[in-house]
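To be precise, the following lines are run.cif, and they hold mmCIF, N, CA and C atoms.
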```cif
data_start
loop_
_atom_site.group_PDB
_atom_site.id
_atom_site.type_symbol
_atom_site.label_atom_id
_atom_site.label_comp_id
_atom_site.auth_asym_id
_atom_site.auth_seq_id
_atom_site.Cartn_x
_atom_site.Cartn_y
_atom_site.Cartn_z
ATOM 1 N N MET A 1 -9.804 42.109 29.811
ATOM 2 C CA MET A 1 -9.359 43.399 29.352
ATOM 3 C C MET A 1 -7.834 43.506 29.410
ATOM 4 N N LYS A 2 -7.275 42.991 30.514
ATOM 5 C CA LYS A 2 -5.834 43.021 30.686
ATOM 6 C C LYS A 2 -5.153 42.173 29.599
ATOM 7 N N THR A 3 -5.770 41.041 29.260
ATOM 8 C CA THR A 3 -5.231 40.155 28.226
ATOM 9 C C THR A 3 -5.226 40.856 26.877
ATOM 10 N N LEU A 4 -6.264 41.592 26.574
ATOM 11 C CA LEU A 4 -6.350 42.321 25.314
ATOM 12 C C LEU A 4 -5.270 43.387 25.229
ATOM 13 N N LEU A 5 -5.010 44.070 26.326
ATOM 14 C CA LEU A 5 -3.971 45.096 26.370
ATOM 15 C C LEU A 5 -2.596 44.474 26.143
ATOM 16 N N ILE A 6 -2.325 43.369 26.807
ATOM 17 C CA ILE A 6 -1.035 42.681 26.637
ATOM 18 C C ILE A 6 -0.896 42.189 25.198
ATOM 19 N N PHE A 7 -1.953 41.616 24.670
ATOM 20 C CA PHE A 7 -1.964 41.120 23.299
ATOM 21 C C PHE A 7 -1.660 42.254 22.310
ATOM 22 N N SER A 8 -2.271 43.421 22.512
ATOM 23 C CA SER A 8 -2.052 44.579 21.636
ATOM 24 C C SER A 8 -0.617 45.084 21.735
ATOM 25 N N VAL A 9 -0.077 45.146 22.940
ATOM 26 C CA VAL A 9 1.296 45.607 23.135
ATOM 27 C C VAL A 9 2.288 44.663 22.460
ATOM 28 N N VAL A 10 2.051 43.354 22.574
ATOM 29 C CA VAL A 10 2.940 42.372 21.946
ATOM 30 C C VAL A 10 2.938 42.553 20.434
ATOM 31 N N PHE A 11 1.784 42.694 19.818
ATOM 32 C CA PHE A 11 1.716 42.885 18.373
ATOM 33 C C PHE A 11 2.359 44.194 17.951
ATOM 34 N N PHE A 12 2.176 45.239 18.749
ATOM 35 C CA PHE A 12 2.800 46.515 18.451
ATOM 36 C C PHE A 12 4.322 46.389 18.464
ATOM 37 N N LEU A 13 4.848 45.707 19.473
ATOM 38 C CA LEU A 13 6.301 45.538 19.580
ATOM 39 C C LEU A 13 6.844 44.651 18.464
ATOM 40 N N MET A 14 6.085 43.660 18.054
ATOM 41 C CA MET A 14 6.515 42.809 16.946
ATOM 42 C C MET A 14 6.624 43.617 15.656
ATOM 43 N N GLY A 15 5.713 44.537 15.467
ATOM 44 C CA GLY A 15 5.743 45.379 14.276
ATOM 45 C C GLY A 15 6.905 46.346 14.283
ATOM 46 N N CYS A 16 7.379 46.735 15.445
ATOM 47 C CA CYS A 16 8.485 47.682 15.562
ATOM 48 C C CYS A 16 9.846 47.000 15.679
ATOM 49 N N SER A 17 9.876 45.682 15.648
ATOM 50 C CA SER A 17 11.137 44.986 15.885
ATOM 51 C C SER A 17 12.135 45.156 14.749
ATOM 52 N N GLY A 18 11.673 45.442 13.526
ATOM 53 C CA GLY A 18 12.583 45.626 12.403
ATOM 54 C C GLY A 18 12.891 44.350 11.657
ATOM 55 N N LYS A 19 12.490 43.208 12.172
ATOM 56 C CA LYS A 19 12.787 41.946 11.491
ATOM 57 C C LYS A 19 11.932 41.753 10.257
ATOM 58 N N ASN A 20 10.804 42.420 10.176
ATOM 59 C CA ASN A 20 9.896 42.244 9.058
ATOM 60 C C ASN A 20 10.068 43.326 8.001
ATOM 61 N N GLN A 21 11.144 44.092 8.081
ATOM 62 C CA GLN A 21 11.369 45.136 7.102
ATOM 63 C C GLN A 21 11.803 44.503 5.789
ATOM 64 N N PRO A 22 11.427 45.117 4.661
ATOM 65 C CA PRO A 22 11.810 44.551 3.364
ATOM 66 C C PRO A 22 13.316 44.567 3.179
ATOM 67 N N VAL A 23 13.800 43.617 2.404
ATOM 68 C CA VAL A 23 15.229 43.516 2.113
ATOM 69 C C VAL A 23 15.625 44.666 1.202
ATOM 70 N N ASP A 24 16.769 45.252 1.471
ATOM 71 C CA ASP A 24 17.275 46.348 0.649
ATOM 72 C C ASP A 24 17.636 45.809 -0.726
ATOM 73 N N SER A 25 16.957 46.286 -1.744
ATOM 74 C CA SER A 25 17.197 45.798 -3.094
ATOM 75 C C SER A 25 18.012 46.793 -3.908
ATOM 76 N N SER A 26 18.734 47.685 -3.253
ATOM 77 C CA SER A 26 19.511 48.675 -3.988
ATOM 78 C C SER A 26 20.617 48.026 -4.811
ATOM 79 N N ASN A 27 21.134 46.874 -4.365
ATOM 80 C CA ASN A 27 22.169 46.187 -5.121
ATOM 81 C C ASN A 27 21.633 45.660 -6.444
ATOM 82 N N SER A 28 20.390 45.159 -6.443
ATOM 83 C CA SER A 28 19.823 44.627 -7.671
ATOM 84 C C SER A 28 19.564 45.741 -8.677
ATOM 85 N N GLY A 29 19.392 46.977 -8.211
ATOM 86 C CA GLY A 29 19.210 48.095 -9.118
ATOM 87 C C GLY A 29 20.469 48.424 -9.887
ATOM 88 N N LYS A 30 21.610 48.005 -9.405
ATOM 89 C CA LYS A 30 22.884 48.288 -10.056
ATOM 90 C C LYS A 30 23.250 47.231 -11.091
ATOM 91 N N LEU A 31 22.465 46.165 -11.187
ATOM 92 C CA LEU A 31 22.754 45.108 -12.145
ATOM 93 C C LEU A 31 22.318 45.535 -13.537
ATOM 94 N N LYS A 32 23.150 45.212 -14.535
ATOM 95 C CA LYS A 32 22.850 45.536 -15.919
ATOM 96 C C LYS A 32 22.754 44.247 -16.721
ATOM 97 N N GLU A 33 21.917 44.258 -17.727
ATOM 98 C CA GLU A 33 21.835 43.117 -18.622
ATOM 99 C C GLU A 33 22.998 43.193 -19.614
ATOM 100 N N ALA A 34 23.554 42.033 -19.949
ATOM 101 C CA ALA A 34 24.680 42.015 -20.870
ATOM 102 C C ALA A 34 24.664 40.735 -21.705
ATOM 103 N N LEU A 35 25.272 40.826 -22.873
ATOM 104 C CA LEU A 35 25.520 39.668 -23.721
ATOM 105 C C LEU A 35 27.031 39.488 -23.771
ATOM 106 N N ILE A 36 27.496 38.359 -23.293
ATOM 107 C CA ILE A 36 28.920 38.052 -23.267
ATOM 108 C C ILE A 36 29.157 36.930 -24.275
ATOM 109 N N ILE A 37 30.115 37.120 -25.163
ATOM 110 C CA ILE A 37 30.475 36.091 -26.138
ATOM 111 C C ILE A 37 31.632 35.286 -25.565
ATOM 112 N N GLY A 38 31.495 33.966 -25.605
ATOM 113 C CA GLY A 38 32.516 33.083 -25.059
ATOM 114 C C GLY A 38 33.707 32.924 -25.989
ATOM 115 N N SER A 39 34.535 31.963 -25.668
ATOM 116 C CA SER A 39 35.727 31.667 -26.443
ATOM 117 C C SER A 39 35.500 30.383 -27.235
ATOM 118 N N ALA A 40 36.256 30.220 -28.317
ATOM 119 C CA ALA A 40 36.138 29.014 -29.150
ATOM 120 C C ALA A 40 37.007 27.879 -28.626
ATOM 121 N N GLU A 41 37.638 28.072 -27.488
ATOM 122 C CA GLU A 41 38.467 27.000 -26.941
ATOM 123 C C GLU A 41 37.659 26.136 -25.977
ATOM 124 N N SER A 42 38.179 24.952 -25.736
ATOM 125 C CA SER A 42 37.479 24.025 -24.839
ATOM 126 C C SER A 42 38.452 23.541 -23.779
ATOM 127 N N PRO A 43 38.132 23.692 -22.509
ATOM 128 C CA PRO A 43 36.930 24.321 -21.958
ATOM 129 C C PRO A 43 36.982 25.833 -22.106
ATOM 130 N N ASP A 44 35.826 26.429 -22.215
ATOM 131 C CA ASP A 44 35.701 27.864 -22.434
ATOM 132 C C ASP A 44 35.992 28.609 -21.124
ATOM 133 N N PRO A 45 37.073 29.419 -21.085
ATOM 134 C CA PRO A 45 37.406 30.130 -19.836
ATOM 135 C C PRO A 45 36.365 31.174 -19.456
ATOM 136 N N VAL A 46 35.698 31.755 -20.438
ATOM 137 C CA VAL A 46 34.669 32.756 -20.144
ATOM 138 C C VAL A 46 33.481 32.076 -19.460
ATOM 139 N N LEU A 47 33.027 30.964 -20.027
ATOM 140 C CA LEU A 47 31.905 30.236 -19.441
ATOM 141 C C LEU A 47 32.254 29.701 -18.058
ATOM 142 N N GLN A 48 33.477 29.223 -17.890
ATOM 143 C CA GLN A 48 33.902 28.736 -16.571
ATOM 144 C C GLN A 48 33.845 29.857 -15.537
ATOM 145 N N ARG A 49 34.306 31.052 -15.906
ATOM 146 C CA ARG A 49 34.287 32.183 -14.971
ATOM 147 C C ARG A 49 32.852 32.591 -14.637
ATOM 148 N N VAL A 50 31.972 32.576 -15.648
ATOM 149 C CA VAL A 50 30.573 32.907 -15.407
ATOM 150 C C VAL A 50 29.958 31.919 -14.424
ATOM 151 N N ARG A 51 30.263 30.636 -14.576
ATOM 152 C CA ARG A 51 29.714 29.614 -13.665
ATOM 153 C C ARG A 51 30.185 29.837 -12.225
ATOM 154 N N VAL A 52 31.460 30.210 -12.056
ATOM 155 C CA VAL A 52 31.992 30.493 -10.718
ATOM 156 C C VAL A 52 31.268 31.702 -10.120
ATOM 157 N N LEU A 53 31.134 32.756 -10.907
ATOM 158 C CA LEU A 53 30.463 33.964 -10.421
ATOM 159 C C LEU A 53 28.992 33.704 -10.121
ATOM 160 N N GLU A 54 28.375 32.808 -10.897
ATOM 161 C CA GLU A 54 26.973 32.457 -10.641
ATOM 162 C C GLU A 54 26.830 31.721 -9.313
ATOM 163 N N ARG A 55 27.757 30.784 -9.030
ATOM 164 C CA ARG A 55 27.718 30.069 -7.744
ATOM 165 C C ARG A 55 27.922 31.021 -6.578
ATOM 166 N N GLU A 56 28.750 32.051 -6.775
ATOM 167 C CA GLU A 56 29.007 33.039 -5.724
ATOM 168 C C GLU A 56 27.867 34.039 -5.591
ATOM 169 N N GLY A 57 26.924 34.024 -6.521
ATOM 170 C CA GLY A 57 25.797 34.940 -6.467
ATOM 171 C C GLY A 57 26.090 36.325 -7.010
ATOM 172 N N VAL A 58 27.192 36.469 -7.738
ATOM 173 C CA VAL A 58 27.590 37.769 -8.259
ATOM 174 C C VAL A 58 26.847 38.095 -9.554
ATOM 175 N N VAL A 59 26.553 37.090 -10.367
ATOM 176 C CA VAL A 59 25.771 37.287 -11.582
ATOM 177 C C VAL A 59 24.426 36.598 -11.420
ATOM 178 N N LYS A 60 23.430 37.122 -12.097
ATOM 179 C CA LYS A 60 22.056 36.613 -11.982
ATOM 180 C C LYS A 60 21.507 36.327 -13.370
ATOM 181 N N ASP A 61 20.452 35.532 -13.396
ATOM 182 C CA ASP A 61 19.690 35.260 -14.623
ATOM 183 C C ASP A 61 20.586 34.841 -15.787
ATOM 184 N N VAL A 62 21.453 33.879 -15.561
ATOM 185 C CA VAL A 62 22.389 33.422 -16.593
ATOM 186 C C VAL A 62 21.667 32.499 -17.564
ATOM 187 N N VAL A 63 21.761 32.833 -18.852
ATOM 188 C CA VAL A 63 21.215 32.001 -19.918
ATOM 189 C C VAL A 63 22.338 31.783 -20.927
ATOM 190 N N VAL A 64 22.677 30.503 -21.162
ATOM 191 C CA VAL A 64 23.743 30.168 -22.103
ATOM 192 C C VAL A 64 23.093 29.602 -23.357
ATOM 193 N N LEU A 65 23.327 30.268 -24.489
ATOM 194 C CA LEU A 65 22.790 29.804 -25.759
ATOM 195 C C LEU A 65 23.731 28.779 -26.383
ATOM 196 N N GLU A 66 23.162 27.764 -26.989
ATOM 197 C CA GLU A 66 23.963 26.712 -27.614
ATOM 198 C C GLU A 66 24.430 27.175 -28.984
ATOM 199 N N SER A 67 25.467 27.967 -28.981
ATOM 200 C CA SER A 67 26.081 28.452 -30.214
ATOM 201 C C SER A 67 27.578 28.246 -30.070
ATOM 202 N N PHE A 68 28.321 28.517 -31.133
ATOM 203 C CA PHE A 68 29.770 28.377 -31.049
ATOM 204 C C PHE A 68 30.417 29.608 -31.628
ATOM 205 N N PRO A 69 31.122 30.373 -30.820
ATOM 206 C CA PRO A 69 31.257 30.223 -29.371
ATOM 207 C C PRO A 69 29.943 30.565 -28.670
ATOM 208 N N VAL A 70 29.857 30.165 -27.414
ATOM 209 C CA VAL A 70 28.616 30.357 -26.667
ATOM 210 C C VAL A 70 28.296 31.835 -26.514
ATOM 211 N N GLN A 71 27.015 32.126 -26.423
ATOM 212 C CA GLN A 71 26.531 33.469 -26.101
ATOM 213 C C GLN A 71 25.883 33.378 -24.726
ATOM 214 N N ILE A 72 26.291 34.259 -23.833
ATOM 215 C CA ILE A 72 25.836 34.206 -22.454
ATOM 216 C C ILE A 72 25.090 35.492 -22.131
ATOM 217 N N HIS A 73 23.806 35.372 -21.853
ATOM 218 C CA HIS A 73 23.006 36.503 -21.386
ATOM 219 C C HIS A 73 22.995 36.448 -19.866
ATOM 220 N N LEU A 74 23.230 37.596 -19.218
ATOM 221 C CA LEU A 74 23.258 37.628 -17.756
ATOM 222 C C LEU A 74 22.997 39.026 -17.248
ATOM 223 N N LYS A 75 22.836 39.118 -15.927
ATOM 224 C CA LYS A 75 22.738 40.406 -15.247
ATOM 225 C C LYS A 75 23.876 40.468 -14.239
ATOM 226 N N ALA A 76 24.621 41.567 -14.276
ATOM 227 C CA ALA A 76 25.766 41.741 -13.375
ATOM 228 C C ALA A 76 26.103 43.218 -13.273
ATOM 229 N N SER A 77 26.987 43.529 -12.340
ATOM 230 C CA SER A 77 27.453 44.908 -12.211
ATOM 231 C C SER A 77 28.387 45.223 -13.384
ATOM 232 N N GLN A 78 28.578 46.492 -13.650
ATOM 233 C CA GLN A 78 29.428 46.899 -14.764
ATOM 234 C C GLN A 78 30.855 46.381 -14.606
ATOM 235 N N SER A 79 31.370 46.348 -13.385
ATOM 236 C CA SER A 79 32.742 45.867 -13.186
ATOM 237 C C SER A 79 32.873 44.390 -13.532
ATOM 238 N N ILE A 80 31.866 43.587 -13.233
ATOM 239 C CA ILE A 80 31.894 42.169 -13.577
ATOM 240 C C ILE A 80 31.777 41.993 -15.082
ATOM 241 N N ILE A 81 30.925 42.779 -15.725
ATOM 242 C CA ILE A 81 30.792 42.723 -17.185
ATOM 243 C C ILE A 81 32.118 43.070 -17.839
ATOM 244 N N ASP A 82 32.784 44.110 -17.330
ATOM 245 C CA ASP A 82 34.094 44.491 -17.869
ATOM 246 C C ASP A 82 35.119 43.375 -17.674
ATOM 247 N N GLU A 83 35.082 42.726 -16.504
ATOM 248 C CA GLU A 83 36.002 41.611 -16.237
ATOM 249 C C GLU A 83 35.784 40.486 -17.246
ATOM 250 N N LEU A 84 34.543 40.127 -17.478
ATOM 251 C CA LEU A 84 34.243 39.035 -18.404
ATOM 252 C C LEU A 84 34.639 39.399 -19.832
ATOM 253 N N ASN A 85 34.439 40.647 -20.220
ATOM 254 C CA ASN A 85 34.811 41.076 -21.574
ATOM 255 C C ASN A 85 36.322 41.159 -21.765
ATOM 256 N N SER A 86 37.072 41.265 -20.675
ATOM 257 C CA SER A 86 38.530 41.381 -20.791
ATOM 258 C C SER A 86 39.247 40.029 -20.852
ATOM 259 N N ILE A 87 38.527 38.930 -20.652
ATOM 260 C CA ILE A 87 39.147 37.602 -20.732
ATOM 261 C C ILE A 87 39.542 37.341 -22.181
ATOM 262 N N SER A 88 40.797 36.906 -22.390
ATOM 263 C CA SER A 88 41.259 36.655 -23.761
ATOM 264 C C SER A 88 40.506 35.470 -24.353
ATOM 265 N N ARG A 89 40.272 35.563 -25.651
ATOM 266 C CA ARG A 89 39.455 34.556 -26.331
ATOM 267 C C ARG A 89 40.156 34.049 -27.590
ATOM 268 N N VAL A 90 39.834 32.814 -27.928
ATOM 269 C CA VAL A 90 40.213 32.246 -29.212
ATOM 270 C C VAL A 90 38.966 32.346 -30.073
ATOM 271 N N LYS A 91 39.101 32.981 -31.230
ATOM 272 C CA LYS A 91 37.929 33.161 -32.094
ATOM 273 C C LYS A 91 37.738 31.927 -32.966
ATOM 274 N N GLY A 92 36.488 31.598 -33.225
ATOM 275 C CA GLY A 92 36.177 30.457 -34.088
ATOM 276 C C GLY A 92 36.437 30.805 -35.543
ATOM 277 N N THR A 93 36.627 29.796 -36.375
ATOM 278 C CA THR A 93 36.859 30.019 -37.799
ATOM 279 C C THR A 93 35.673 29.474 -38.589
ATOM 280 N N LEU A 94 35.336 30.177 -39.639
ATOM 281 C CA LEU A 94 34.252 29.738 -40.506
ATOM 282 C C LEU A 94 34.801 28.772 -41.545
ATOM 283 N N ARG A 95 34.061 27.740 -41.849
ATOM 284 C CA ARG A 95 34.509 26.759 -42.852
ATOM 285 C C ARG A 95 33.625 26.817 -44.050
#
```
Go through the file and emit its structure as structure tokens.
Amino acid sequence: MKTLLIFSVVFFLMGCSGKNQPVDSSNSGKLKEALIIGSAESPDPVLQRVRVLEREGVVKDVVVLESFPVQIHLKASQSIIDELNSISRVKGTLR
């Protein structure tokens, strides 16, 4: 009986420890989907910046389409999207 009581108390305390609480996902709610058009120069400074931000975990779900210039679909905060859109670009020419 004493063992059962101790066992119950241990499980109760484990449940109240707070370590098993879900991760706060409020940051992911602030992410927006965006289409970013790259530059026609090589190496592409827009794509390079996206890769750096992806390694840092600032942008998510990066998909780079094989077009010229590249089209980059991603999820990021509005400030990051604005930063990427403000990078100067060389536009491609049609032949």
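Counting all atoms listed in the file and comparing A:Leu84, A:Val52, A:Val70, A:Val63, the residue that lies closest to A:Ser39 is A:Val70.
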Output check: residues returned by the PyMOL selection byres (((chain A and resi 32-34 and name CA) around 12) and name CA), as a PyMOL selection string:
chain A and resi 27-31+35-37+58-64+71-82+84-85
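In this structure, atom CA of A:Glu41 sits 14.5 Å away from atom CA of A:Glu66.
Pairwise distance (atom CA of A:Val50, atom C of A:Ser86) equals 12.5 Å.
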Would you list the contacts of A:Ile87 as a VMD selection string, taking every protein, DNA or RNA residue within 8 Å and counting only N, CA and C atoms, but skipping same-chain residues closer than 4 positions in sequence?
chain A and resid 45 to 46 82 to 83
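Across the structure, atom C of A:Pro43 and atom C of A:Gly57 are spaced 21.4 Å apart.
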Selection under test: the PyMOL selection byres (((chain A and resi 40 and name CA) around 9) and name CA); residues as a PDB file with N, CA and C atoms, in the coordinates of the input:
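Ended up saving to result36.pdb:
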```pdb
ATOM      1  N   GLY A  38      31.495  33.966 -25.605  1.00  0.00           N
ATOM      2  CA  GLY A  38      32.516  33.083 -25.059  1.00  0.00           C
ATOM      3  C   GLY A  38      33.707  32.924 -25.989  1.00  0.00           C
ATOM      4  N   SER A  39      34.535  31.963 -25.668  1.00  0.00           N
ATOM      5  CA  SER A  39      35.727  31.667 -26.443  1.00  0.00           C
ATOM      6  C   SER A  39      35.500  30.383 -27.235  1.00  0.00           C
ATOM      7  N   GLU A  41      37.638  28.072 -27.488  1.00  0.00           N
ATOM      8  CA  GLU A  41      38.467  27.000 -26.941  1.00  0.00           C
ATOM      9  C   GLU A  41      37.659  26.136 -25.977  1.00  0.00           C
ATOM     10  N   SER A  42      38.179  24.952 -25.736  1.00  0.00           N
ATOM     11  CA  SER A  42      37.479  24.025 -24.839  1.00  0.00           C
ATOM     12  C   SER A  42      38.452  23.541 -23.779  1.00  0.00           C
ATOM     13  N   PRO A  43      38.132  23.692 -22.509  1.00  0.00           N
ATOM     14  CA  PRO A  43      36.930  24.321 -21.958  1.00  0.00           C
ATOM     15  C   PRO A  43      36.982  25.833 -22.106  1.00  0.00           C
ATOM     16  N   ASP A  44      35.826  26.429 -22.215  1.00  0.00           N
ATOM     17  CA  ASP A  44      35.701  27.864 -22.434  1.00  0.00           C
ATOM     18  C   ASP A  44      35.992  28.609 -21.124  1.00  0.00           C
ATOM     19  N   PHE A  68      28.321  28.517 -31.133  1.00  0.00           N
ATOM     20  CA  PHE A  68      29.770  28.377 -31.049  1.00  0.00           C
ATOM     21  C   PHE A  68      30.417  29.608 -31.628  1.00  0.00           C
ATOM     22  N   PRO A  69      31.122  30.373 -30.820  1.00  0.00           N
ATOM     23  CA  PRO A  69      31.257  30.223 -29.371  1.00  0.00           C
ATOM     24  C   PRO A  69      29.943  30.565 -28.670  1.00  0.00           C
ATOM     25  N   VAL A  70      29.857  30.165 -27.414  1.00  0.00           N
ATOM     26  CA  VAL A  70      28.616  30.357 -26.667  1.00  0.00           C
ATOM     27  C   VAL A  70      28.296  31.835 -26.514  1.00  0.00           C
ATOM     28  N   ARG A  89      40.272  35.563 -25.651  1.00  0.00           N
ATOM     29  CA  ARG A  89      39.455  34.556 -26.331  1.00  0.00           C
ATOM     30  C   ARG A  89      40.156  34.049 -27.590  1.00  0.00           C
ATOM     31  N   VAL A  90      39.834  32.814 -27.928  1.00  0.00           N
ATOM     32  CA  VAL A  90      40.213  32.246 -29.212  1.00  0.00           C
ATOM     33  C   VAL A  90      38.966  32.346 -30.073  1.00  0.00           C
ATOM     34  N   LYS A  91      39.101  32.981 -31.230  1.00  0.00           N
ATOM     35  CA  LYS A  91      37.929  33.161 -32.094  1.00  0.00           C
ATOM     36  C   LYS A  91      37.738  31.927 -32.966  1.00  0.00           C
ATOM     37  N   GLY A  92      36.488  31.598 -33.225  1.00  0.00           N
ATOM     38  CA  GLY A  92      36.177  30.457 -34.088  1.00  0.00           C
ATOM     39  C   GLY A  92      36.437  30.805 -35.543  1.00  0.00           C
ATOM     40  N   THR A  93      36.627  29.796 -36.375  1.00  0.00           N
ATOM     41  CA  THR A  93      36.859  30.019 -37.799  1.00  0.00           C
ATOM     42  C   THR A  93      35.673  29.474 -38.589  1.00  0.00           C
TER      43      THR A  93
END
```
